[in-house]
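Next up, my_file_13.tsv (TSV, C-alpha atoms (C1' of nucleotides)):
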```tsv
chain	number	residue	atom	x	y	z
A	204	MET	CA	-223.75	172.64	-66.14
A	205	PRO	CA	-220.65	174.70	-65.33
A	206	ASP	CA	-219.89	175.38	-61.72
A	207	ILE	CA	-220.43	179.08	-61.16
A	208	LYS	CA	-218.61	178.89	-57.86
A	209	SER	CA	-215.40	177.83	-59.59
A	210	THR	CA	-212.34	179.77	-58.53
A	211	LYS	CA	-210.88	179.40	-62.00
A	212	PRO	CA	-211.43	182.23	-64.43
A	213	SER	CA	-213.81	181.93	-67.36
A	214	GLY	CA	-215.32	178.69	-66.07
A	215	VAL	CA	-212.43	176.52	-67.24
A	216	ASN	CA	-212.87	172.87	-66.45
A	217	PRO	CA	-210.38	172.10	-63.66
A	218	LEU	CA	-210.20	168.49	-64.74
A	219	PHE	CA	-208.95	169.59	-68.11
A	220	LEU	CA	-206.31	171.79	-66.54
A	221	ARG	CA	-205.16	168.94	-64.38
A	222	GLU	CA	-204.95	166.63	-67.37
A	223	GLU	CA	-203.01	169.23	-69.33
A	224	GLU	CA	-200.64	169.79	-66.43
A	225	LEU	CA	-199.96	166.07	-66.07
A	226	ARG	CA	-199.38	165.59	-69.78
A	227	GLN	CA	-196.91	168.43	-69.80
A	228	GLY	CA	-195.05	166.66	-67.03
A	229	ILE	CA	-195.05	163.43	-68.98
A	230	GLU	CA	-193.67	165.18	-72.02
A	231	LEU	CA	-191.03	167.07	-70.08
A	232	LEU	CA	-189.81	163.80	-68.67
A	233	PHE	CA	-189.65	162.26	-72.11
A	234	TYR	CA	-187.78	165.16	-73.68
A	235	ALA	CA	-185.38	165.51	-70.78
A	236	TYR	CA	-184.58	161.81	-70.75
A	237	ARG	CA	-184.19	161.76	-74.51
A	238	ASP	CA	-181.64	164.57	-74.45
A	239	PHE	CA	-180.03	163.35	-71.25
A	240	THR	CA	-179.05	160.04	-72.80
A	241	ALA	CA	-178.04	161.30	-76.23
A	242	GLY	CA	-174.56	162.47	-75.24
A	243	PRO	CA	-173.36	159.31	-73.52
A	244	ASP	CA	-174.98	157.18	-76.21
A	245	ALA	CA	-172.83	158.82	-78.87
A	246	ILE	CA	-169.64	158.16	-76.90
A	247	LEU	CA	-170.67	154.60	-76.18
A	248	ALA	CA	-171.37	153.92	-79.84
A	249	GLU	CA	-167.79	154.86	-80.70
A	250	ILE	CA	-166.38	152.15	-78.47
A	251	GLY	CA	-168.94	149.50	-79.28
A	252	LEU	CA	-170.94	149.71	-76.09
A	253	GLY	CA	-174.52	150.68	-75.33
A	254	ARG	CA	-176.64	152.37	-72.75
A	255	ALA	CA	-176.89	149.27	-70.62
A	256	HIS	CA	-173.13	149.30	-70.22
A	257	HIS	CA	-173.28	152.88	-69.02
A	258	ARG	CA	-175.88	151.99	-66.41
A	259	ALA	CA	-173.80	149.12	-65.08
A	260	ILE	CA	-170.64	151.20	-65.02
A	261	TYR	CA	-172.42	154.07	-63.35
A	262	PHE	CA	-173.84	152.07	-60.47
A	263	ILE	CA	-170.71	150.03	-59.96
A	264	GLY	CA	-168.72	153.25	-59.75
A	265	ARG	CA	-171.25	154.69	-57.38
A	266	ASN	CA	-171.34	151.59	-55.16
A	267	PRO	CA	-167.91	149.97	-55.12
A	268	ASP	CA	-167.94	146.31	-54.12
A	269	ILE	CA	-171.57	145.99	-55.12
A	270	THR	CA	-172.69	142.42	-55.76
A	271	VAL	CA	-174.41	141.15	-58.85
A	272	SER	CA	-177.70	140.71	-57.00
A	273	GLU	CA	-177.64	144.22	-55.72
A	274	LEU	CA	-176.93	145.58	-59.17
A	275	LEU	CA	-179.82	143.54	-60.53
A	276	ALA	CA	-182.12	145.05	-57.92
A	277	ILE	CA	-181.15	148.55	-59.02
A	278	LEU	CA	-181.41	147.97	-62.74
A	279	ARG	CA	-184.49	145.74	-62.59
A	280	ILE	CA	-183.42	143.56	-65.46
A	281	THR	CA	-182.84	139.83	-65.64
A	282	LYS	CA	-179.66	138.10	-64.63
A	283	GLN	CA	-179.14	137.01	-68.22
A	284	SER	CA	-179.39	140.52	-69.56
A	285	LEU	CA	-176.95	141.85	-67.01
A	286	SER	CA	-174.62	138.91	-67.47
A	287	ARG	CA	-174.10	139.71	-71.13
A	288	VAL	CA	-173.30	143.33	-70.38
A	289	LEU	CA	-171.19	142.61	-67.32
A	290	GLY	CA	-169.22	139.85	-69.00
A	291	GLN	CA	-168.31	142.21	-71.78
A	292	LEU	CA	-167.25	144.93	-69.34
A	293	VAL	CA	-165.04	142.49	-67.47
A	294	ARG	CA	-163.52	141.04	-70.64
A	295	GLU	CA	-162.74	144.50	-71.98
A	296	GLY	CA	-161.16	145.65	-68.75
A	297	TYR	CA	-163.69	148.13	-67.42
A	298	VAL	CA	-164.88	146.14	-64.42
A	299	SER	CA	-163.06	143.85	-61.99
A	300	GLN	CA	-164.61	141.01	-60.03
A	301	ARG	CA	-163.40	139.40	-56.87
A	302	THR	CA	-164.88	136.90	-54.49
A	303	ASP	CA	-166.33	138.11	-51.23
A	304	GLU	CA	-164.34	136.44	-48.47
A	305	VAL	CA	-167.27	136.45	-46.06
A	306	ASP	CA	-169.75	134.85	-48.43
A	307	ARG	CA	-167.75	133.21	-51.16
A	308	ARG	CA	-170.76	132.93	-53.46
A	309	LYS	CA	-170.77	136.65	-53.97
A	310	ARG	CA	-168.77	138.55	-56.57
A	311	LEU	CA	-167.80	142.06	-55.62
A	312	LEU	CA	-167.74	144.42	-58.58
A	313	CYS	CA	-165.48	147.42	-58.93
A	314	LEU	CA	-164.42	149.71	-61.74
A	315	THR	CA	-160.88	149.39	-63.02
A	316	GLU	CA	-158.94	152.55	-63.67
A	317	GLN	CA	-160.06	152.29	-67.28
A	318	GLY	CA	-163.65	151.81	-66.17
A	319	ASP	CA	-163.46	154.80	-63.89
A	320	ALA	CA	-162.09	156.91	-66.72
A	321	LEU	CA	-164.94	155.88	-68.98
A	322	GLU	CA	-167.49	156.49	-66.24
A	323	ARG	CA	-166.24	160.01	-65.73
A	324	ARG	CA	-166.18	160.66	-69.44
A	325	LEU	CA	-169.73	159.42	-69.92
A	326	THR	CA	-171.23	161.08	-66.91
A	327	ALA	CA	-169.41	164.38	-67.43
A	328	ASP	CA	-171.92	165.14	-70.15
A	329	GLN	CA	-174.85	164.45	-67.90
A	330	ARG	CA	-173.42	166.24	-64.89
A	331	ALA	CA	-172.81	169.33	-66.99
A	332	ARG	CA	-176.34	169.27	-68.33
A	333	MET	CA	-177.83	168.79	-64.91
A	334	ALA	CA	-175.57	171.45	-63.39
A	335	ARG	CA	-176.70	173.94	-66.01
A	336	ALA	CA	-180.36	173.14	-65.41
A	337	TYR	CA	-179.85	173.41	-61.63
A	338	ARG	CA	-178.06	176.70	-61.94
A	339	GLU	CA	-180.66	178.23	-64.22
A	340	ALA	CA	-183.60	177.00	-62.17
A	341	GLY	CA	-182.27	177.84	-58.73
A	342	ALA	CA	-182.02	176.03	-55.42
A	343	GLU	CA	-185.72	176.02	-54.62
A	344	ALA	CA	-186.57	174.56	-58.00
A	345	VAL	CA	-183.98	171.86	-57.45
A	346	ASP	CA	-185.68	170.88	-54.22
A	347	GLY	CA	-188.98	170.65	-56.04
A	348	PHE	CA	-187.43	168.66	-58.87
A	349	ARG	CA	-186.04	166.16	-56.41
A	350	SER	CA	-189.17	165.92	-54.37
A	351	VAL	CA	-191.41	165.24	-57.36
A	352	LEU	CA	-189.06	162.67	-58.87
A	353	LEU	CA	-188.78	160.96	-55.52
A	354	GLY	CA	-192.55	160.71	-55.35
A	355	MET	CA	-192.62	159.01	-58.72
A	356	ILE	CA	-190.34	156.18	-57.65
A	357	ASP	CA	-192.14	152.95	-56.79
A	358	ASP	CA	-190.79	152.15	-53.40
A	359	SER	CA	-188.31	154.83	-52.54
A	360	ALA	CA	-186.58	152.32	-50.30
A	361	SER	CA	-185.30	150.30	-53.25
A	362	VAL	CA	-182.93	153.03	-54.19
A	363	SER	CA	-179.20	152.65	-54.18
A	364	ALA	CA	-177.71	155.72	-52.66
A	365	THR	CA	-178.50	158.65	-50.45
A	366	LEU	CA	-181.68	159.76	-52.10
A	367	LYS	CA	-183.70	159.72	-48.93
A	368	ASP	CA	-182.57	160.35	-45.39
A	369	ASP	CA	-185.16	158.50	-43.38
A	370	ALA	CA	-184.05	155.60	-41.29
A	371	ASP	CA	-186.23	152.62	-42.20
A	372	PRO	CA	-184.78	149.93	-44.44
A	373	PRO	CA	-187.93	147.87	-45.07
A	374	ASP	CA	-186.51	145.63	-47.74
A	375	GLY	CA	-184.94	145.77	-51.15
A	376	LEU	CA	-181.31	146.64	-51.02
A	377	PRO	CA	-179.10	146.08	-48.02
A	378	THR	CA	-178.57	149.05	-45.78
A	379	ARG	CA	-174.98	149.22	-46.89
A	380	LEU	CA	-176.08	150.67	-50.20
A	381	ARG	CA	-178.30	153.22	-48.55
A	382	ARG	CA	-175.58	154.96	-46.61
A	383	ALA	CA	-173.29	156.02	-49.49
B	267	MET	CA	-156.22	174.45	-47.19
B	268	PRO	CA	-159.86	174.53	-46.15
B	269	ASP	CA	-161.65	177.81	-46.35
B	270	ILE	CA	-162.38	178.92	-42.81
B	271	LYS	CA	-164.86	181.45	-44.09
B	272	SER	CA	-166.95	178.65	-45.60
B	273	THR	CA	-170.62	178.77	-44.72
B	274	LYS	CA	-170.74	174.99	-44.80
B	275	PRO	CA	-170.19	173.18	-41.53
B	276	SER	CA	-167.05	171.18	-40.79
B	277	GLY	CA	-165.18	172.51	-43.83
B	278	VAL	CA	-166.85	170.18	-46.30
B	279	ASN	CA	-165.51	170.49	-49.83
B	280	PRO	CA	-168.21	172.32	-51.80
B	281	LEU	CA	-167.10	170.64	-55.03
B	282	PHE	CA	-167.80	167.28	-53.50
B	283	LEU	CA	-171.23	168.41	-52.39
B	284	ARG	CA	-171.99	169.64	-55.85
B	285	GLU	CA	-170.88	166.37	-57.40
B	286	GLU	CA	-172.97	164.44	-54.92
B	287	GLU	CA	-175.97	166.63	-55.58
B	288	LEU	CA	-175.68	166.15	-59.32
B	289	ARG	CA	-175.29	162.41	-59.04
B	290	GLN	CA	-178.38	162.21	-56.90
B	291	GLY	CA	-180.25	164.03	-59.62
B	292	ILE	CA	-178.96	161.63	-62.23
B	293	GLU	CA	-180.07	158.69	-60.15
B	294	LEU	CA	-183.48	160.13	-59.38
B	295	LEU	CA	-184.05	160.60	-63.07
B	296	PHE	CA	-183.03	157.02	-63.77
B	297	TYR	CA	-185.25	155.54	-61.07
B	298	ALA	CA	-188.22	157.70	-61.94
B	299	TYR	CA	-188.00	156.88	-65.62
B	300	ARG	CA	-187.53	153.20	-64.87
B	301	ASP	CA	-190.68	153.06	-62.79
B	302	PHE	CA	-192.56	155.45	-65.02
B	303	THR	CA	-192.28	153.16	-68.03
B	304	ALA	CA	-192.84	149.86	-66.25
B	305	GLY	CA	-196.64	150.07	-66.13
B	306	PRO	CA	-197.28	150.85	-69.80
B	307	ASP	CA	-194.62	148.35	-70.84
B	308	ALA	CA	-196.52	145.55	-69.13
B	309	ILE	CA	-199.77	146.46	-70.90
B	310	LEU	CA	-198.00	146.79	-74.23
B	311	ALA	CA	-196.38	143.39	-73.88
B	312	GLU	CA	-199.82	141.79	-73.56
B	313	ILE	CA	-200.90	143.08	-76.94
B	314	GLY	CA	-197.60	142.52	-78.72
B	315	LEU	CA	-196.47	146.12	-78.84
B	316	GLY	CA	-193.49	147.93	-77.34
B	317	ARG	CA	-192.51	151.23	-75.85
B	318	ALA	CA	-191.91	152.79	-79.25
B	319	HIS	CA	-195.55	152.18	-80.12
B	320	HIS	CA	-196.59	153.97	-76.97
B	321	ARG	CA	-194.49	156.99	-77.84
B	322	ALA	CA	-195.95	157.21	-81.33
B	323	ILE	CA	-199.50	156.78	-80.06
B	324	TYR	CA	-198.94	159.32	-77.33
B	325	PHE	CA	-197.69	162.09	-79.58
B	326	ILE	CA	-200.19	161.42	-82.32
B	327	GLY	CA	-202.95	161.63	-79.74
B	328	ARG	CA	-201.46	164.80	-78.38
B	329	ASN	CA	-201.04	166.39	-81.81
B	330	PRO	CA	-203.84	165.24	-84.10
B	331	ASP	CA	-203.05	165.56	-87.82
B	332	ILE	CA	-199.35	165.53	-87.10
B	333	THR	CA	-197.21	164.61	-90.10
B	334	VAL	CA	-194.58	161.89	-90.20
B	335	SER	CA	-191.78	164.44	-90.37
B	336	GLU	CA	-193.05	166.25	-87.33
B	337	LEU	CA	-193.33	163.03	-85.39
B	338	LEU	CA	-189.78	162.15	-86.39
B	339	ALA	CA	-188.58	165.50	-85.07
B	340	ILE	CA	-190.18	164.81	-81.69
B	341	LEU	CA	-189.00	161.26	-81.31
B	342	ARG	CA	-185.54	161.82	-82.79
B	343	ILE	CA	-185.35	158.43	-84.43
B	344	THR	CA	-184.86	157.45	-88.05
B	345	LYS	CA	-187.62	157.28	-90.60
B	346	GLN	CA	-187.06	153.56	-90.94
B	347	SER	CA	-187.47	152.96	-87.22
B	348	LEU	CA	-190.67	154.95	-87.09
B	349	SER	CA	-191.96	153.39	-90.29
B	350	ARG	CA	-191.89	149.93	-88.79
B	351	VAL	CA	-193.77	151.06	-85.71
B	352	LEU	CA	-196.22	153.27	-87.55
B	353	GLY	CA	-197.00	150.69	-90.21
B	354	GLN	CA	-197.89	148.21	-87.51
B	355	LEU	CA	-200.12	150.72	-85.72
B	356	VAL	CA	-201.96	151.50	-88.97
B	357	ARG	CA	-202.33	147.83	-89.92
B	358	GLU	CA	-203.68	146.96	-86.49
B	359	GLY	CA	-206.16	149.82	-86.49
B	360	TYR	CA	-204.72	152.17	-83.90
B	361	VAL	CA	-203.71	154.98	-86.24
B	362	SER	CA	-205.33	156.39	-89.35
B	363	GLN	CA	-203.53	158.17	-92.17
B	364	ARG	CA	-204.92	160.57	-94.69
B	365	THR	CA	-203.39	162.81	-97.32
B	366	ASP	CA	-203.04	166.49	-96.59
B	367	GLU	CA	-205.10	168.28	-99.21
B	368	VAL	CA	-202.87	171.35	-99.11
B	369	ASP	CA	-199.63	169.47	-99.61
B	370	ARG	CA	-200.46	166.08	-100.97
B	371	ARG	CA	-197.03	164.69	-100.10
B	372	LYS	CA	-197.88	164.79	-96.43
B	373	ARG	CA	-199.70	162.14	-94.47
B	374	LEU	CA	-201.73	163.37	-91.53
B	375	LEU	CA	-201.78	160.97	-88.62
B	376	CYS	CA	-204.63	160.55	-86.17
B	377	LEU	CA	-205.64	158.02	-83.57
B	378	THR	CA	-208.62	155.83	-84.34
B	379	GLU	CA	-211.14	155.25	-81.59
B	380	GLN	CA	-209.27	152.05	-80.78
B	381	GLY	CA	-206.00	153.97	-80.72
B	382	ASP	CA	-207.43	156.59	-78.44
B	383	ALA	CA	-208.70	153.91	-76.08
B	384	LEU	CA	-205.25	152.34	-75.93
B	385	GLU	CA	-203.61	155.70	-75.44
B	386	ARG	CA	-205.82	156.46	-72.49
B	387	ARG	CA	-205.25	153.03	-71.02
B	388	LEU	CA	-201.48	153.31	-71.32
B	389	THR	CA	-201.18	156.84	-70.10
B	390	ALA	CA	-203.64	156.43	-67.23
B	391	ASP	CA	-200.89	154.65	-65.35
B	392	GLN	CA	-198.44	157.45	-65.90
B	393	ARG	CA	-200.90	160.21	-65.21
B	394	ALA	CA	-201.86	158.60	-61.92
B	395	ARG	CA	-198.23	158.25	-60.91
B	396	MET	CA	-197.45	161.82	-61.81
B	397	ALA	CA	-200.61	163.10	-60.13
B	398	ARG	CA	-199.64	161.34	-56.92
B	399	ALA	CA	-196.12	162.77	-57.02
B	400	TYR	CA	-197.48	166.23	-57.76
B	401	ARG	CA	-199.98	166.03	-54.94
B	402	GLU	CA	-197.45	164.82	-52.40
B	403	ALA	CA	-194.82	167.35	-53.41
B	404	GLY	CA	-197.05	170.40	-53.70
B	405	ALA	CA	-197.51	173.15	-56.25
B	406	GLU	CA	-194.22	174.90	-55.63
B	407	ALA	CA	-192.29	171.69	-56.05
B	408	VAL	CA	-194.12	171.04	-59.31
B	409	ASP	CA	-192.96	174.39	-60.62
B	410	GLY	CA	-189.40	173.52	-59.68
B	411	PHE	CA	-189.72	170.10	-61.26
B	412	ARG	CA	-190.88	171.60	-64.51
B	413	SER	CA	-188.32	174.34	-64.54
B	414	VAL	CA	-185.37	171.99	-63.99
B	415	LEU	CA	-186.58	169.50	-66.60
B	416	LEU	CA	-187.12	172.30	-69.07
B	417	GLY	CA	-183.55	173.42	-68.50
B	418	MET	CA	-182.30	169.95	-69.33
B	419	ILE	CA	-183.90	169.87	-72.75
B	420	ASP	CA	-181.54	170.61	-75.62
B	421	ASP	CA	-183.34	173.33	-77.46
B	422	SER	CA	-186.57	173.95	-75.67
B	423	ALA	CA	-188.02	175.16	-78.95
B	424	SER	CA	-188.06	171.70	-80.46
B	425	VAL	CA	-190.80	170.64	-78.13
B	426	SER	CA	-194.20	169.56	-79.30
B	427	ALA	CA	-196.74	171.10	-77.02
B	428	THR	CA	-197.25	173.91	-74.57
B	429	LEU	CA	-194.19	173.41	-72.48
B	430	LYS	CA	-193.06	176.97	-72.79
B	431	ASP	CA	-195.15	180.06	-73.22
B	432	ASP	CA	-192.73	182.40	-74.90
B	433	ALA	CA	-193.50	183.57	-78.39
B	434	ASP	CA	-190.44	182.82	-80.49
B	435	PRO	CA	-190.55	179.83	-82.84
B	436	PRO	CA	-186.91	179.84	-83.99
B	437	ASP	CA	-186.99	176.54	-85.79
B	438	GLY	CA	-187.67	172.87	-85.20
B	439	LEU	CA	-191.33	172.10	-85.24
B	440	PRO	CA	-193.92	174.26	-86.93
B	441	THR	CA	-195.72	176.72	-84.75
B	442	ARG	CA	-198.87	174.70	-85.13
B	443	LEU	CA	-197.46	172.10	-82.78
B	444	ARG	CA	-196.47	174.68	-80.22
B	445	ARG	CA	-199.92	176.02	-79.54
B	446	ALA	CA	-201.72	172.87	-78.35
C	247	DA	C1'	-187.08	170.64	-116.61
C	248	DG	C1'	-184.82	169.77	-112.60
C	249	DA	C1'	-184.12	170.10	-107.64
C	250	DA	C1'	-185.96	169.50	-103.29
C	251	DT	C1'	-189.18	167.56	-100.06
C	252	DA	C1'	-192.21	163.93	-97.83
C	253	DA	C1'	-192.97	159.38	-97.41
C	254	DG	C1'	-192.23	154.55	-97.97
C	255	DT	C1'	-189.48	150.16	-98.60
C	256	DC	C1'	-186.03	146.34	-98.34
C	257	DA	C1'	-182.09	144.42	-96.18
C	258	DA	C1'	-178.82	143.85	-92.71
C	259	DC	C1'	-176.97	144.58	-88.28
C	260	DA	C1'	-176.38	145.79	-83.15
C	261	DG	C1'	-177.96	146.43	-78.59
C	262	DT	C1'	-180.96	145.09	-74.96
C	263	DG	C1'	-184.74	143.29	-73.01
C	264	DC	C1'	-187.18	138.51	-72.26
C	265	DT	C1'	-188.06	133.14	-71.22
C	266	DG	C1'	-186.51	128.58	-70.32
C	267	DA	C1'	-183.37	125.26	-69.07
C	268	DC	C1'	-179.63	124.16	-67.03
C	269	DC	C1'	-174.87	123.88	-63.99
C	270	DA	C1'	-171.62	124.92	-60.09
C	271	DA	C1'	-170.22	126.72	-55.78
C	272	DT	C1'	-171.41	128.00	-51.40
C	273	DT	C1'	-174.20	128.65	-47.42
C	274	DA	C1'	-178.17	127.72	-44.48
C	275	DT	C1'	-181.45	124.49	-42.62
C	276	DT	C1'	-183.07	120.32	-40.81
D	231	DA	C1'	-174.60	114.57	-42.92
D	232	DA	C1'	-178.15	115.25	-46.12
D	233	DT	C1'	-181.07	118.59	-48.15
D	234	DA	C1'	-182.55	123.05	-49.48
D	235	DA	C1'	-181.73	127.70	-50.66
D	236	DT	C1'	-178.86	131.29	-52.42
D	237	DT	C1'	-175.59	133.38	-55.67
D	238	DG	C1'	-173.71	133.47	-59.90
D	239	DG	C1'	-173.09	131.93	-64.52
D	240	DT	C1'	-174.24	129.99	-69.24
D	241	DC	C1'	-176.46	128.64	-73.66
D	242	DA	C1'	-180.12	129.08	-76.89
D	243	DG	C1'	-183.64	131.50	-78.90
D	244	DC	C1'	-186.82	135.26	-79.51
D	245	DA	C1'	-188.81	140.17	-79.72
D	246	DC	C1'	-188.38	145.05	-79.85
D	247	DT	C1'	-186.01	149.06	-81.33
D	248	DG	C1'	-182.48	151.59	-82.78
D	249	DT	C1'	-178.91	152.13	-86.74
D	250	DT	C1'	-176.90	152.50	-92.14
D	251	DG	C1'	-177.40	152.29	-96.81
D	252	DA	C1'	-179.68	152.13	-101.01
D	253	DC	C1'	-183.62	152.95	-103.58
D	254	DT	C1'	-188.56	154.22	-105.33
D	255	DT	C1'	-192.70	157.13	-105.69
D	256	DA	C1'	-195.36	161.36	-105.35
D	257	DT	C1'	-195.55	165.97	-105.05
D	258	DT	C1'	-194.05	170.64	-104.78
D	259	DC	C1'	-190.79	174.37	-105.45
D	260	DT	C1'	-187.54	177.02	-108.37
```
Take the structure in this file and express it as structure tokens.
Amino acid sequence: MPDIKSTKPSGVNPLFLREEELRQGIELLFYAYRDFTAGPDAILAEIGLGRAHHRAIYFIGRNPDITVSELLAILRITKQSLSRVLGQLVREGYVSQRTDEVDRRKRLLCLTEQGDALERRLTADQRARMARAYREAGAEAVDGFRSVLLGMIDDSASVSATLKDDADPPDGLPTRLRRA
Amino acid sequence: MPDIKSTKPSGVNPLFLREEELRQGIELLFYAYRDFTAGPDAILAEIGLGRAHHRAIYFIGRNPDITVSELLAILRITKQSLSRVLGQLVREGYVSQRTDEVDRRKRLLCLTEQGDALERRLTADQRARMARAYREAGAEAVDGFRSVLLGMIDDSASVSATLKDDADPPDGLPTRLRRA
DNA sequence: AGAATAAGTCAACAGTGCTGACCAATTATT
DNA sequence: AATAATTGGTCAGCACTGTTGACTTATTCT
């Protein structure tokens, strides 16, 4: 029994439209992420590293003096998984560690000059791609892009950098990482 | 030498702002994708499957009678990688294969009833998350979200479903898959 | 007949998650 | 001062998912 009061033309089921709209979003996210990671992956493969190394390098570069715990909270992987990646980055000279003098249990992570160079090389690809998409879509679209993505994140408080500008730090990462 | 004619307050370097803006986009994409995949991953782990199985199931469900080649073109992985995943899905009763009667080299893939049930269970999570983000952000934001993501995809023609509504099928997937 | 296409297979390897079981240093609590 | 909690690290093993490379089998196209 179709609803004759429907505002949609030709009695189209609005539930179907909604489903179609959501699935298109799901697919767009998949395709965009697939192509977004392809460039860096190719560079990483050349030097015997993987995507996990890029993630670590990226967030260390973005948050100098980040601790291991904080990095774990961003990446949402286990300590053992990160340890393997981080150990390799330190051994191969991309990341430096030093002890926090206030709390000597903590290790503060920074990129070396070599690490910074690799970070810029890897992310250049992604920045260019995003810049192109931003430019083509326009400023309003960029706002929408950001606002939808932000709404998809679990607890937007557990985000490393300046992705939101409200003032409540309920939990998750220390405020230090939310003031980039 | 700061530009005194700048429209930005306090002579902020526009290149820095652009860089910051792009990096926020990169991070939003990372966080959204991280949280977007977490739900399905947990369900998959219970039944001994992984994210690759979800992808295959998703796109088979979305494009009934898709061939192996077409699925490979969407996923951008090797035949061997897909074969492992697909074989398991067929053996465990999620996917059915039958020979194309027009070209008997081709295998047409479809979800079984069990496969369809799993697909709906897995994607329900993601649809709900996306629906919430869409609702909170509003229709205009959704348009922007889609337009930016679309701009990030390599060749928007090599996309499976109705993500664009222009009429040129330059190459990539057969037109059949572009008319969902 | 021969080339090209579509699919499948076996083997090996790398990267990246996971669990579980520990250890060591340091800091906080009682 | 003793105990507990936190931070970081390590070793071992396992699962999933991507990769190359080398073939085989059908089927279709030229």
Self-check item: Close residues, range 302-319 of chain A itself excluded, 10 Å, all atoms listed in the file, min 3 positions apart in chain, as a count of residues only
Solution: 33
Quiz prompt | Contacts of range 232-240 of chain A within 6 Å, only C-alpha atoms (C1' of nucleotides), excl. fewer than 4 positions in-chain, as a VMD selection string | solution = chain B and resid 415 418 to 419
Practice problem: Might you pull out every residue within 12 Å of Glu224 in chain A, with all atoms listed in the file counted and same-chain residues fewer than 6 positions away left off, and present them as a list in words? | Solution: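 Contacts, in chain order: Pro217, Leu218, Glu230 and Leu231 of chain A; Arg393, Met396, Ala397, Tyr400, Ala405, Val408, Asp409, Arg412, Ala427, Thr428 and Leu429 of chain B.
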Quiz item: Quick one: of A:Arg301, A:Arg254, A:Arg279, A:Arg294, who's nearest to chain B, counting all atoms listed in the file?
Solution: A:Arg279
Self-check item: Option closest in space to Ser349 in chain B, from D:DT257, D:DA252, D:DT247, D:DT233 [counting only C-alpha atoms (C1' of nucleotides)]
Solution: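 Smallest distance to Ser349 in chain B is found for D:DT247.
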Self-check item: Selection near DA245 in chain D, 12 Å with all atoms listed in the file, sequence-local residues under 4 positions removed, as a VMD selection string
Solution: (chain B and resid 311 314 to 316) or (chain C and resid 262 to 265)
Padding of 6 Å on every side, edges along x, y and z, all listed atoms of range 267-284 of chain A included: what centre and edge lengths in Å, to one decimal, does that box have, as JSON?
```
{"center_x": -176.2, "center_y": 143.5, "center_z": -61.8, "size_x": 28.6, "size_y": 25.0, "size_z": 27.4}
```
Show me a table, sorted first by chain and then by increasing residue number, of the residues of chain C having an atom at most 8 Å from chain B, each with its shortest atom pair and the distance in Å to one decimal, counting only C-alpha atoms (C1' of nucleotides) and written as CSV.
```
residue,atom,partner,partner_atom,distance
C:DA252,C1',B:Arg371,CA,5.4
C:DA253,C1',B:Arg371,CA,7.2
C:DG254,C1',B:Ser349,CA,7.8
```
Output file for the selection above: C-alpha atoms (C1' of nucleotides), as a compact mmCIF listing (two decimals), in the frame of the given file:
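The resulting file, result33.txt, is reproduced below:
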```
# COMPACT_ATOMS: atom_id res chain seq x y z
C1' DA C 252 -192.21 163.93 -97.83
C1' DA C 253 -192.97 159.38 -97.41
C1' DG C 254 -192.23 154.55 -97.97
```
Practice problem: Work out how far apart CA of Ala344 in chain A and CA of Leu288 in chain B are and give it in Å to one decimal. | Solution: 13.8 Å
Which residues of chain D sit at most 12 Å from chain B, using only C-alpha atoms (C1' of nucleotides)? Give each one's shortest atom pair and distance in Å (one decimal place), in chain and ascending residue order, as a Markdown table.
```
| residue | atom | partner | partner_atom | distance |
| --- | --- | --- | --- | --- |
| D:DA245 | C1' | B:Gly314 | CA | 9.2 |
| D:DC246 | C1' | B:Gly316 | CA | 6.4 |
| D:DT247 | C1' | B:Ser347 | CA | 7.2 |
| D:DG248 | C1' | B:Ser347 | CA | 6.8 |
| D:DT249 | C1' | B:Thr344 | CA | 8.1 |
| D:DT250 | C1' | B:Thr344 | CA | 10.2 |
| D:DG251 | C1' | B:Gln346 | CA | 11.4 |
| D:DT255 | C1' | B:Arg371 | CA | 10.4 |
| D:DA256 | C1' | B:Arg371 | CA | 6.4 |
| D:DT257 | C1' | B:Arg371 | CA | 5.3 |
| D:DT258 | C1' | B:Asp369 | CA | 7.7 |
| D:DC259 | C1' | B:Asp369 | CA | 11.7 |
```
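Each of B:Asp391, B:Glu285, B:Glu312, B:Glu336 was compared to chain A using all atoms listed in the file, and B:Glu285 turns out to be the nearest.
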Exercise. Could you check which of B:Ala339, B:Leu310, B:Phe282, B:Gly291 is closest to chain A, using only C-alpha atoms?
Key: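 Closest candidate: B:Gly291.
For the atom pair formed by CA of His319 in chain B and CA of Thr389 in chain B, the distance is 12.4 Å, given to one decimal.
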Restore N, CA and C atoms in range 326-330 of chain A and list the result as a PDB file, in the coordinates of the input.
```pdb
ATOM      1  N   THR A 326    -170.336 160.358 -67.795  1.00  0.00           N
ATOM      2  CA  THR A 326    -171.230 161.080 -66.910  1.00  0.00           C
ATOM      3  C   THR A 326    -170.942 162.581 -66.916  1.00  0.00           C
ATOM      4  N   ALA A 327    -169.764 162.966 -67.385  1.00  0.00           N
ATOM      5  CA  ALA A 327    -169.410 164.380 -67.430  1.00  0.00           C
ATOM      6  C   ALA A 327    -170.477 165.160 -68.202  1.00  0.00           C
ATOM      7  N   ASP A 328    -170.853 164.591 -69.337  1.00  0.00           N
ATOM      8  CA  ASP A 328    -171.920 165.140 -70.150  1.00  0.00           C
ATOM      9  C   ASP A 328    -173.191 165.400 -69.335  1.00  0.00           C
ATOM     10  N   GLN A 329    -173.588 164.381 -68.631  1.00  0.00           N
ATOM     11  CA  GLN A 329    -174.850 164.450 -67.900  1.00  0.00           C
ATOM     12  C   GLN A 329    -174.757 165.374 -66.704  1.00  0.00           C
ATOM     13  N   ARG A 330    -173.604 165.339 -66.030  1.00  0.00           N
ATOM     14  CA  ARG A 330    -173.420 166.240 -64.890  1.00  0.00           C
ATOM     15  C   ARG A 330    -173.471 167.690 -65.353  1.00  0.00           C
TER      16      ARG A 330
END
```
